[in-house]
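Below you'll find the structure, written out as structure tokens, and then a few comments.
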Amino acid sequence: MSLLTFTDVSKSYDNQVRVIDRLSFSIEKGEFITLIGPSGCGKTTLLKMINGLIPFDEGEISVKDRSLADWDLIKLRREIGYVIQQIGLFPHMTIEKNIGYVLSLLGRDPEDQREKAKELIKLVGLDAGYLSRYPRELSGGQKQRVGVARALAADPDIILMDEPFGAVDDITRKVLQDEMKALHQKLKKTIVFVTHDIEEAIKLGTRIVLMDQGKIVQAGTKEEMLFSPATEFTKRFLGSKSFNAYLGQLAIEEVYRPYDQLINKVSLDKERIFIKDTAMEGIRKMIKENLQSLVVINEEDQAVGEFQLQDIQQKIQL
Amino acid sequence: MIQFMRNVGNLYRDRSEFFIRLTMEHIYLSFIAIVLIAIIGITIGITIAKYRKLAEPVLSVVNFIYTIPSIALFGILVAVTGIGNRSALIALVVYGMLPMIRNTYVAISEIDDLIIESAIGMGTTGKQLLLRIQLPLALPVIIAGFRIMVVMTIALGGIASFIGAGGLGVAIWRGITTSFPEMTVAGSLLVALLAIVVDLVLGFIEKIARKKVLGTVKN
């Protein structure tokens with residue numbers, strides 16, 4: 001069974017326009033779902049329905065095989081991590097108290113809270129010295145990291161994130177995105193992430209959900225979204241930026257052909273590319289050096305395979 | 001002038017027991033009024049912050065009461081509840097309500113919605129929201145309101161004697177009726193002194209609370 005299921009869910013304000021319109025969708029364990037769409041498409045509404053912050057009129061939502069109607073909302077919310085725009089850290093609590101907040105609601109031992117805070121602050125890449133500070137003493141990026149740590153405190157299976165990186169500068173955002181991606185791979189949490197930034201959606205999502213006027217226009221992997229858009233809207237919305245983002249997040253590692261799969265080895269005196277580099281970087285090199293292929297090298301500086309444009313195409317067809 | 005102040009000083013010395021008794025009465029009366037106002041005012045403030053629809057009518061009524069001249073209110077109360085401490089207490093409580101209710105209400109309703117949303121989204125119950133998030137964050141503004149209320153109550157307590165209540169107003173009133181200005185000034189000075197000392201102490205507490213919650217001592 002799916003971790004999260006929406007069945008014919010509808011919601012309207014003042015019986016006017018439907019902000020969510022007979023929407024059905026399910027999310028599996030371990031997915032990183034990025035919800036994207038134009039302003040007012042209902043993506044944030046959909047997210048807030050999951051933890052009962054916004055009620056719906058029709059249909060059913062079930063979390064962990066139990067209908068939302070049967071959940072004690074307080075209990076449910078404590079089992080779901082929640083990170084919002086501008087984070088919403090509590091200004092009158094230290095970072096340690098902020099991170100341990102849900103644990104304190106659950107009545108856990110203060111010593112446990114302290115231990116957990118210490119563990120989590122390191123996980124999100126901050127020094128334990130910050131634990132005694134107040135949110136106002138932190139930069140935007142640091143606050144955001146604390147927000148993520150706070151959401152992880154009670155070890156939830158599901159984490160909801162509502163444009164969490166909207167308020168930080170570009171460079172910090174890129175770093176936070178990389179960290180979030182790594183964190184997801186490490187912890188295997190199920191993440192539902194609302195964003196209006198298509199590049200962010202492509203970069204982070206294992207599945208991308210494009211919404212418009214309360215409906216899901218298309219949901220699929222990055223490759224499906226980019227190379228087989230179901231509608232003109234998908235094509236238009238994703239635009240060239242998303243293709244850029246796709247190449248920018250695709251590691252050579254994911255597409256190159258190792259030597260053991262090659263029948264004819266190419267000569268080794270070609271231009272090289274590091275295995276962890278992106279396809280974008282590889283393409284740039286090929287254009288610059290006017291080459292058809294590059295030699296892929298690993299961390300030990302050994303040539304392990306070859307990278308060509310066709311390799312990307314193979315990936316798309318998968 | 002110097003002679004006059006010397007007379008006041010002599011008065012304090014000669015009638016020290018009298019003034020200590022009045023000061024104690026004054027503190028006692030003010031203290032009871034302040035506790036009542038704080039409990040009732042903060043409760044009403046919290047309630048109207050939670051049920052926003054109530055806020056406007058409640059604040060209008062409290063504002064209206066505040067505009068009634070104190071002497072007039074004392075007059076009305078004498079007719080209803082008679083002469084004595086009870087009427088004085090009612091008058092003090094009614095007047096002190098405005099800063100307490102308004103500050104509590106404003107402080108709670110001005111907390112950033114995102115903070116409230118993330119608290120609720122993480123599974124905070126209504127009671128926990130109030131005790132762990134709203135009240136601590138509202139505290140500096142509530143204390144500021146409390147401070148205004150306390151000073152006001154102590155000052156207003158000075159004229160409560162007009163309707164037969166005890167306190168330093170007795171000295172003021174006696175000074176006026178017996179053409180004994182030294183007595184009036186002696187009583188007034190003690191009221192002022194009391195108000196200033198209490199205000200300084202509360203100001204210090206407010207500063208600590210503000211620093212803890214907002215990280216600044218501005219404003």
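Residues are referred to by chain and number: the chain letter is A, B, ... according to the order shown in the structure tokens, the number counts from 1 in that chain, and ligands are numbered separately from 1 in the order shown.
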Using only C-alpha atoms, find the residues of chain A whose closest atom to chain B is at most 8 Å away, then write them as a PyMOL selection string. chain A and resi 51+53+73-78+80-92+102+105+136
Keeping C-alpha atoms, export the residues of the selection given above as a PDB file, in the first residue's frame.
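New file selection-v4.pdb:
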ATOM      1  CA  ASN A  51      -1.275  17.130   7.928  1.00  0.00           C
ATOM      2  CA  LEU A  53      -3.959  22.103   8.380  1.00  0.00           C
ATOM      3  CA  LEU A  73      -4.619  15.118  14.023  1.00  0.00           C
ATOM      4  CA  ILE A  74      -2.294  16.089  16.866  1.00  0.00           C
ATOM      5  CA  LYS A  75      -0.720  12.646  16.833  1.00  0.00           C
ATOM      6  CA  LEU A  76      -0.506  12.620  13.045  1.00  0.00           C
ATOM      7  CA  ARG A  77       1.229  15.988  12.918  1.00  0.00           C
ATOM      8  CA  ARG A  78       3.809  14.824  15.418  1.00  0.00           C
ATOM      9  CA  ILE A  80       5.041  14.196  10.063  1.00  0.00           C
ATOM     10  CA  GLY A  81       7.944  16.595   9.733  1.00  0.00           C
ATOM     11  CA  TYR A  82       6.919  20.082   8.661  1.00  0.00           C
ATOM     12  CA  VAL A  83       9.126  22.818   7.250  1.00  0.00           C
ATOM     13  CA  ILE A  84       7.624  26.028   5.928  1.00  0.00           C
ATOM     14  CA  GLN A  85       8.599  29.199   4.131  1.00  0.00           C
ATOM     15  CA  GLN A  86      10.880  31.329   6.304  1.00  0.00           C
ATOM     16  CA  ILE A  87      11.048  28.287   8.558  1.00  0.00           C
ATOM     17  CA  GLY A  88       8.917  29.570  11.452  1.00  0.00           C
ATOM     18  CA  LEU A  89      11.536  28.897  14.099  1.00  0.00           C
ATOM     19  CA  PHE A  90      10.432  29.937  17.579  1.00  0.00           C
ATOM     20  CA  PRO A  91      12.322  33.152  18.372  1.00  0.00           C
ATOM     21  CA  HIS A  92      12.103  32.733  22.147  1.00  0.00           C
ATOM     22  CA  VAL A 102       8.280  17.922  18.921  1.00  0.00           C
ATOM     23  CA  LEU A 105       5.481  17.836  22.979  1.00  0.00           C
ATOM     24  CA  ARG A 136      17.908  35.634  15.395  1.00  0.00           C
TER      25      ARG A 136
END
Hey, what does DSSP flag as helix (DSSP H, G or I) within stretch 102-144 of chain B? Can you give it to me as a short mmCIF file (atom, residue, chain, number, x, y, z; two decimals) with C-alpha atoms, in the first residue's frame?
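The new file states_6.cif reads:
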data_model
loop_
_atom_site.label_atom_id
_atom_site.label_comp_id
_atom_site.auth_asym_id
_atom_site.auth_seq_id
_atom_site.Cartn_x
_atom_site.Cartn_y
_atom_site.Cartn_z
CA ARG B 102 -5.57 45.76 24.76
CA ASN B 103 -1.91 44.86 25.22
CA THR B 104 -2.64 41.17 25.73
CA TYR B 105 -4.85 41.12 22.66
CA VAL B 106 -2.44 43.04 20.44
CA ALA B 107 0.58 41.07 21.63
CA ILE B 108 -1.00 37.71 20.86
CA SER B 109 -2.61 38.68 17.58
CA ASP B 113 1.32 33.65 11.49
CA LEU B 114 4.13 31.47 10.20
CA ILE B 115 5.29 30.75 13.74
CA ILE B 116 1.78 29.75 14.74
CA GLU B 117 1.35 27.67 11.62
CA SER B 118 4.55 25.76 12.09
CA ALA B 119 3.69 25.16 15.74
CA ILE B 120 0.28 23.75 14.84
CA GLY B 121 1.74 21.81 11.93
CA GLY B 126 -4.40 24.58 21.68
CA LYS B 127 -3.28 24.74 25.30
CA GLN B 128 0.36 24.11 24.41
CA LEU B 129 0.18 26.79 21.73
CA LEU B 130 -0.97 29.31 24.32
CA LEU B 131 1.48 28.33 27.05
CA ARG B 132 4.57 27.54 25.01
CA ILE B 133 4.32 29.87 22.05
CA GLN B 134 1.79 32.66 22.32
CA LEU B 135 2.17 33.80 25.92
CA PRO B 136 5.99 33.70 26.00
CA LEU B 137 6.16 35.66 22.76
CA ALA B 138 3.52 38.12 23.91
CA LEU B 139 5.12 38.56 27.31
CA PRO B 140 7.08 41.80 26.75
CA VAL B 141 4.03 43.63 25.43
CA ILE B 142 1.82 42.19 28.16
CA ILE B 143 4.33 43.34 30.77
CA ALA B 144 4.38 46.79 29.18
#
Between A:Val124, A:Glu281, A:Pro156, A:Val217, which has the minimum distance to A:Asp178 (counting only C-alpha atoms)?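 Between A:Val124, A:Glu281, A:Pro156, A:Val217, the residue approaching A:Asp178 most closely is A:Val124.
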Taking the chain letters and numbering used in this document, name the residues of stretch 47-176 of chain A that DSSP puts in strand (DSSP E), as a PyMOL selection string. chain A and resi 58-63+66-67+80-83+158-162
Excluding A:Glu179 and any residue of its chain fewer than 4 positions from it, enumerate the residues within 9 Å of it, using only C-alpha atoms, and give them as a ChimeraX atom specification. /A:124-125,174-175,183-184
Just the selected residues (C-alpha atoms), exported as a short mmCIF file (atom, residue, chain, number, x, y, z; two decimals), in the first residue's frame, please.
data_model
loop_
_atom_site.label_atom_id
_atom_site.label_comp_id
_atom_site.auth_asym_id
_atom_site.auth_seq_id
_atom_site.Cartn_x
_atom_site.Cartn_y
_atom_site.Cartn_z
CA VAL A 124 22.45 19.21 8.83
CA GLY A 125 26.02 20.47 8.82
CA LYS A 174 22.07 25.61 -4.23
CA VAL A 175 24.04 24.33 -1.25
CA LEU A 183 19.92 13.79 3.20
CA HIS A 184 17.07 12.15 1.35
#
Distance query stretch 146-149 of chain B at most 7 Å, only C-alpha atoms, self and fewer than 6 positions along chain excluded, as a PyMOL selection string: chain B and resi 96+99-100+199+202
May I have the residues within 9 Å of B:Ala155 as a PyMOL selection string, using only C-alpha atoms and disregarding those fewer than 5 positions away in the same chain? chain B and resi 150+191-192+194-195
